[in-house]
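Structure record follows, encoded as structure tokens.
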Amino acid sequence: MGKLWGGRFEGQTDALVEALGESVSFDARLAPWDIRGSIAHAQMLGACGIIPKGDAKKIVGGLRAIAEEIATDRFVFDPALEDVHTNIEAALVERIGDAGKRLHTGRSRNDQIALDVRLWMRDQLEAVGEQLRGLQRAFVDMAEAHIEVILPGCTHLQHAQPVLLAHHLLAYVEMLGRDRKRFAELHRRVDVLPLGSAALAGTPYAIDRKMVARELGFARVSENSMDAVADRDHLIEFCAHAAICMMHLSRWCEELVLWSTPEYGFIEIGDAFTTGSSIMPQKKNPDVAELVRGKTGRVYGDLVALLTIMKGLPLTYNRDLQEDKEPLFDASDTLQLSLAVLARMTPAITVHADRMLEAAQEGFMEATDVADYLVEKGAPFREAHETAGRLVRYCIKHGKRLPELCPKEFQSFSSLFQPDVAQALTPHGLVSRRKQVGGTSPVRVRAALRKARRAIDGAAG
Ligand code: ARG
């Protein structure tokens, strides 16, 4: 293979430069979008009389045939042809002859790659949005199936106050809802056609950018050719949103790892999503949760790689920009795989409701409500807090739980205690009293579940 665009050169390229500079090993996946963009470009060139209409037709036919070859795995990408763009252009010329040599009129690989990534990203945003919905649905289903289940709510990983498992799960539905919004908002910024910027300064040909934008379904055309070929903000945003979303998934995974230990015993993850040990026959490891937690670090790396690639680049295109694709693809693939596997694993989680309830009665989680009880009877909160604290100390000393104390014991700490106090301290009582918007009472949680369902299934949500 001779030198690409060798007109200007006398010498050949060093053999190592191909290994360093080829991108087709990772950008070949852009081929379907690259071809879509080229078809729209060729049709516009023909319609505007920039190339003969007959040539435009031949180009479109040739590109469609190549797309078919790629889709059916019959196309061979050649690293000597550097990237996806050159591979497809070379195949086109081989297939249709000289007409193919007119395709690159009025464009550059710089605006071409900018276009390809935007087209690709629009589709990924849609796919990620669907997957986020899928995982939200899985959480809502799990919440509904265990609507009565109570477990310890924690701060500092210490027992704090009992909550409904459904309330806990709905917290993740909220996080994923914000993730969905972030990706949806990004769509608006991606929805801009960069083609027509050419190498960096625009093109002297009388192209019709609006026509290409319409054909490819872009809302706007870019306003500055230099920015359009140099801008990678949307890749960074995609990775940033992916990093935040992975952080959410990772926190959930951390909880699953903890909950499935014998010390917690809150859940068991189904065989399809756990693995054994090569040496310890008794083991059932939560590898899926651990892997998603681990992959989160990798997606953070993708974000940092992109930010670092960009920070020193003068306008406009620099070859460094070719390094943007691997982190972007990795972040997208990792996020989509993680969302998909967690959505499938969720129904395979068995909840040990008895064990959760038992734990919800450990750790004196009734203490806040003891204080609240006294406040209701007229005590100032700080005093009530002090009294409840002394009661906890008494319980620890005598090996009792707060609801086990008899009225006399309560009354020896404050005359405001009535015989009804112990009844108010059941896990169900504690949970049910938190009836304000955002609280964990069953009434509220049921309403929140209905609202979540609507938001997930609705177009806007
Ligand atoms: N493969 C290149 C990339 O991904 C396409 C643009 C090449 N442009 C150039 N002037 N070498 O960035």
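Note on naming: chains are A, B, ... as they come in the structure tokens, residues start from 1 per chain, ligands start from 1 in the order shown.
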- Task: Kindly work out which residues sit at most 6 Å from ligand 1, using only C-alpha atoms and all ligand atoms, and give the list as a VMD selection string.
- Result: chain A and resid 23 83 109 to 110 113 319 321 to 322
- Please report, as a ChimeraX atom specification, each residue of stretch 100-222 of chain A to which DSSP assigns helix (DSSP H, G or I) when run on this structure's backbone. /A:100-102,109-145,165-190,209-216
- Message: Please report the interatomic distance between atom CA of A:Ala143 and atom CA of A:Val173 in Å with one decimal.
- Response: 10.3 Å
- Contact residues around A:Leu306 with only C-alpha atoms at 8 Å, ignoring same-chain residues under 5 positions, as an MDAnalysis selection string: chainID A and resid 235:236 324 327
Spatial neighbours of stretch 135-138 of chain A, max dist 8 Å, only C-alpha atoms, sep filter under 4 positions, as a compact mmCIF listing (two decimals) with C-alpha atoms, in the first residue's frame:
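The file below, out_25.txt, is the result:
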# COMPACT_ATOMS: atom_id res chain seq x y z
CA GLN A 131 -31.84 1.46 29.79
CA MET A 142 -39.00 -4.72 43.52
CA TYR A 172 -32.27 5.06 43.55
CA VAL A 173 -35.19 5.71 41.22
CA LEU A 176 -31.62 7.46 37.92
CA GLY A 177 -34.30 10.02 37.10
CA LEU A 339 -27.39 -0.75 33.40
CA ALA A 340 -28.53 -3.80 31.47
CA LEU A 342 -28.33 -4.62 36.96
CA ALA A 343 -31.84 -4.41 35.50
CA ARG A 344 -31.73 -8.17 34.87
CA THR A 346 -32.79 -7.03 40.26
CA PRO A 347 -35.65 -9.58 39.98
CA ARG A 453 -44.36 4.66 37.54
CA ILE A 456 -40.97 6.21 33.96
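With only C-alpha atoms as the atoms that count, the residue of A:His41, A:Arg188, A:His234, A:Arg433 with the shortest distance to A:Ala213 is A:His41.
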- Message: Measuring between only C-alpha atoms, which one of A:Thr387, A:Gln112, A:Gln12, A:Thr334 shows the shortest distance to A:Cys239?
- Response: A:Thr334
- Within 12 Å of A:Ala99 using only C-alpha atoms, minus same-chain residues under 5 positions, as a count of residues only: 22
- Message: If we count only C-alpha atoms and set the cut-off at 10 Å, which residues sit around A:Leu449, ignoring sequence neighbours fewer than 6 positions away in its own chain? Please answer as a PyMOL selection string.
- Response: chain A and resi 140-141+143-144+147+166-167+170+173+455
- Check the DSSP output for the backbone and give back, as a PyMOL selection string, the residues of stretch 97-294 of chain A in strand (DSSP E). chain A and resi 150-155+158-164+192-193+220-221+267-269
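For the pair atom CA of A:Leu391 and atom CA of A:Pro419, the interatomic distance is 15.7 Å.
Comparing A:Val128, A:Leu103, A:Ala65, A:Leu119 by their smallest distance to A:Lys181, the closest is A:Val128 (using only C-alpha atoms).
Residue neighbourhood of stretch 356-365 of chain A, excluding near-sequence residues (fewer than 3 positions): Ile150, Leu151, Pro152, His159, Ala160, Gln161, Pro162, Phe266, His352, Ala353, Val392, Arg401, Leu402 and Pro427 of chain A, at 7 Å, using only C-alpha atoms.
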Please produce a file of those selected residues containing all heavy atoms, as an mmCIF file, in the first residue's frame.
data_model
loop_
_atom_site.group_PDB
_atom_site.id
_atom_site.type_symbol
_atom_site.label_atom_id
_atom_site.label_comp_id
_atom_site.auth_asym_id
_atom_site.auth_seq_id
_atom_site.Cartn_x
_atom_site.Cartn_y
_atom_site.Cartn_z
ATOM 1 N N ILE A 150 -39.610 -3.647 56.130
ATOM 2 C CA ILE A 150 -38.911 -2.581 56.864
ATOM 3 C C ILE A 150 -37.471 -3.016 57.117
ATOM 4 O O ILE A 150 -37.208 -4.172 57.457
ATOM 5 C CB ILE A 150 -39.622 -2.306 58.214
ATOM 6 C CG1 ILE A 150 -41.021 -1.733 57.949
ATOM 7 C CG2 ILE A 150 -38.807 -1.362 59.095
ATOM 8 C CD1 ILE A 150 -41.851 -1.526 59.213
ATOM 9 N N LEU A 151 -36.535 -2.101 56.948
ATOM 10 C CA LEU A 151 -35.129 -2.405 57.246
ATOM 11 C C LEU A 151 -34.510 -1.205 57.963
ATOM 12 O O LEU A 151 -35.106 -0.125 57.972
ATOM 13 C CB LEU A 151 -34.350 -2.761 55.975
ATOM 14 C CG LEU A 151 -33.836 -1.636 55.066
ATOM 15 C CD1 LEU A 151 -32.780 -2.175 54.112
ATOM 16 C CD2 LEU A 151 -34.944 -1.000 54.280
ATOM 17 N N PRO A 152 -33.340 -1.389 58.549
ATOM 18 C CA PRO A 152 -32.726 -0.242 59.215
ATOM 19 C C PRO A 152 -32.259 0.781 58.181
ATOM 20 O O PRO A 152 -31.590 0.418 57.219
ATOM 21 C CB PRO A 152 -31.497 -0.838 59.920
ATOM 22 C CG PRO A 152 -31.616 -2.319 59.806
ATOM 23 C CD PRO A 152 -32.523 -2.613 58.666
ATOM 24 N N HIS A 159 -27.080 2.080 62.492
ATOM 25 C CA HIS A 159 -28.541 2.087 62.517
ATOM 26 C C HIS A 159 -29.038 3.463 62.936
ATOM 27 O O HIS A 159 -28.643 3.981 63.974
ATOM 28 C CB HIS A 159 -29.049 1.042 63.512
ATOM 29 C CG HIS A 159 -28.943 -0.343 62.971
ATOM 30 N ND1 HIS A 159 -29.642 -1.404 63.496
ATOM 31 C CD2 HIS A 159 -28.223 -0.840 61.936
ATOM 32 C CE1 HIS A 159 -29.360 -2.499 62.806
ATOM 33 N NE2 HIS A 159 -28.482 -2.177 61.866
ATOM 34 N N ALA A 160 -29.918 4.034 62.136
ATOM 35 C CA ALA A 160 -30.412 5.391 62.419
ATOM 36 C C ALA A 160 -31.906 5.375 62.687
ATOM 37 O O ALA A 160 -32.345 5.575 63.823
ATOM 38 C CB ALA A 160 -30.083 6.314 61.260
ATOM 39 N N GLN A 161 -32.701 5.103 61.667
ATOM 40 C CA GLN A 161 -34.151 5.013 61.822
ATOM 41 C C GLN A 161 -34.670 3.995 60.825
ATOM 42 O O GLN A 161 -34.156 3.915 59.711
ATOM 43 C CB GLN A 161 -34.796 6.386 61.559
ATOM 44 C CG GLN A 161 -34.535 7.357 62.696
ATOM 45 C CD GLN A 161 -34.873 8.799 62.359
ATOM 46 O OE1 GLN A 161 -35.236 9.118 61.239
ATOM 47 N NE2 GLN A 161 -34.740 9.655 63.352
ATOM 48 N N PRO A 162 -35.674 3.224 61.213
ATOM 49 C CA PRO A 162 -36.190 2.226 60.269
ATOM 50 C C PRO A 162 -36.864 2.906 59.076
ATOM 51 O O PRO A 162 -37.451 3.979 59.231
ATOM 52 C CB PRO A 162 -37.200 1.429 61.089
ATOM 53 C CG PRO A 162 -37.542 2.275 62.249
ATOM 54 C CD PRO A 162 -36.391 3.203 62.495
ATOM 55 N N PHE A 266 -29.457 -9.863 54.548
ATOM 56 C CA PHE A 266 -30.684 -9.195 54.100
ATOM 57 C C PHE A 266 -31.195 -9.757 52.781
ATOM 58 O O PHE A 266 -32.384 -9.710 52.500
ATOM 59 C CB PHE A 266 -30.435 -7.689 53.888
ATOM 60 C CG PHE A 266 -30.362 -6.882 55.159
ATOM 61 C CD1 PHE A 266 -30.429 -7.490 56.410
ATOM 62 C CD2 PHE A 266 -30.251 -5.499 55.098
ATOM 63 C CE1 PHE A 266 -30.365 -6.738 57.575
ATOM 64 C CE2 PHE A 266 -30.190 -4.740 56.255
ATOM 65 C CZ PHE A 266 -30.236 -5.354 57.488
ATOM 66 N N HIS A 352 -34.782 -11.137 52.327
ATOM 67 C CA HIS A 352 -35.087 -11.811 53.597
ATOM 68 C C HIS A 352 -35.728 -10.792 54.534
ATOM 69 O O HIS A 352 -35.050 -10.159 55.356
ATOM 70 C CB HIS A 352 -33.820 -12.406 54.193
ATOM 71 C CG HIS A 352 -33.212 -13.471 53.332
ATOM 72 N ND1 HIS A 352 -33.956 -14.518 52.828
ATOM 73 C CD2 HIS A 352 -31.957 -13.655 52.877
ATOM 74 C CE1 HIS A 352 -33.172 -15.302 52.093
ATOM 75 N NE2 HIS A 352 -31.951 -14.805 52.104
ATOM 76 N N ALA A 353 -37.057 -10.660 54.390
ATOM 77 C CA ALA A 353 -37.792 -9.613 55.115
ATOM 78 C C ALA A 353 -37.683 -9.797 56.634
ATOM 79 O O ALA A 353 -37.578 -8.806 57.374
ATOM 80 C CB ALA A 353 -39.253 -9.620 54.684
ATOM 81 N N VAL A 392 -31.572 5.198 76.654
ATOM 82 C CA VAL A 392 -30.754 4.266 75.867
ATOM 83 C C VAL A 392 -29.628 3.704 76.743
ATOM 84 O O VAL A 392 -29.356 2.497 76.739
ATOM 85 C CB VAL A 392 -30.177 4.957 74.601
ATOM 86 C CG1 VAL A 392 -29.141 4.064 73.923
ATOM 87 C CG2 VAL A 392 -31.292 5.298 73.614
ATOM 88 N N ARG A 401 -34.242 -3.766 75.133
ATOM 89 C CA ARG A 401 -34.552 -2.862 74.025
ATOM 90 C C ARG A 401 -35.556 -1.837 74.531
ATOM 91 O O ARG A 401 -36.320 -2.125 75.459
ATOM 92 C CB ARG A 401 -35.132 -3.642 72.845
ATOM 93 C CG ARG A 401 -34.151 -4.686 72.271
ATOM 94 C CD ARG A 401 -34.627 -5.273 70.956
ATOM 95 N NE ARG A 401 -36.004 -5.793 71.031
ATOM 96 C CZ ARG A 401 -37.063 -5.199 70.473
ATOM 97 N NH1 ARG A 401 -36.916 -4.104 69.770
ATOM 98 N NH2 ARG A 401 -38.266 -5.731 70.595
ATOM 99 N N LEU A 402 -35.617 -0.674 73.909
ATOM 100 C CA LEU A 402 -36.521 0.391 74.389
ATOM 101 C C LEU A 402 -37.983 -0.056 74.489
ATOM 102 O O LEU A 402 -38.631 0.194 75.523
ATOM 103 C CB LEU A 402 -36.396 1.639 73.508
ATOM 104 C CG LEU A 402 -35.182 2.541 73.800
ATOM 105 C CD1 LEU A 402 -34.928 3.492 72.628
ATOM 106 C CD2 LEU A 402 -35.384 3.342 75.087
ATOM 107 N N PRO A 427 -41.543 -0.981 64.893
ATOM 108 C CA PRO A 427 -40.982 -0.514 63.621
ATOM 109 C C PRO A 427 -42.057 0.069 62.715
ATOM 110 O O PRO A 427 -41.860 1.103 62.082
ATOM 111 C CB PRO A 427 -40.376 -1.787 63.017
ATOM 112 C CG PRO A 427 -40.111 -2.679 64.182
ATOM 113 C CD PRO A 427 -41.165 -2.363 65.208
#
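For the set A:Leu307, A:Ile96, A:Leu115, A:Met280, the residue with the smallest atom-to-atom gap to A:Val190 is A:Leu115, counting only C-alpha atoms.
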If you take only C-alpha atoms and a cut-off of 10 Å, which residues of stretch 12-82 of chain A touch stretch 197-205 of chain A, and what are their nearest atom pairs and distances in Å to one decimal, in chain and number order, as a tab-separated table?
residue	atom	partner	partner_atom	distance
A:Leu45	CA	A:Tyr205	CA	9.3
A:Cys48	CA	A:Tyr205	CA	9.6
A:Ile50	CA	A:Tyr205	CA	7.3
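Nearest to A:Arg64 of all the residues A:Ala31, A:Val84, A:Ala331, A:Val76 is A:Ala31, based on only C-alpha atoms.
Using only C-alpha atoms, the nearest neighbour of A:Thr350 within the list A:His146, A:Lys284, A:Lys3, A:His85 is A:His146.
Straight-line separation from atom CA of A:Asn224 to atom CA of A:Pro194: 8.8 Å.
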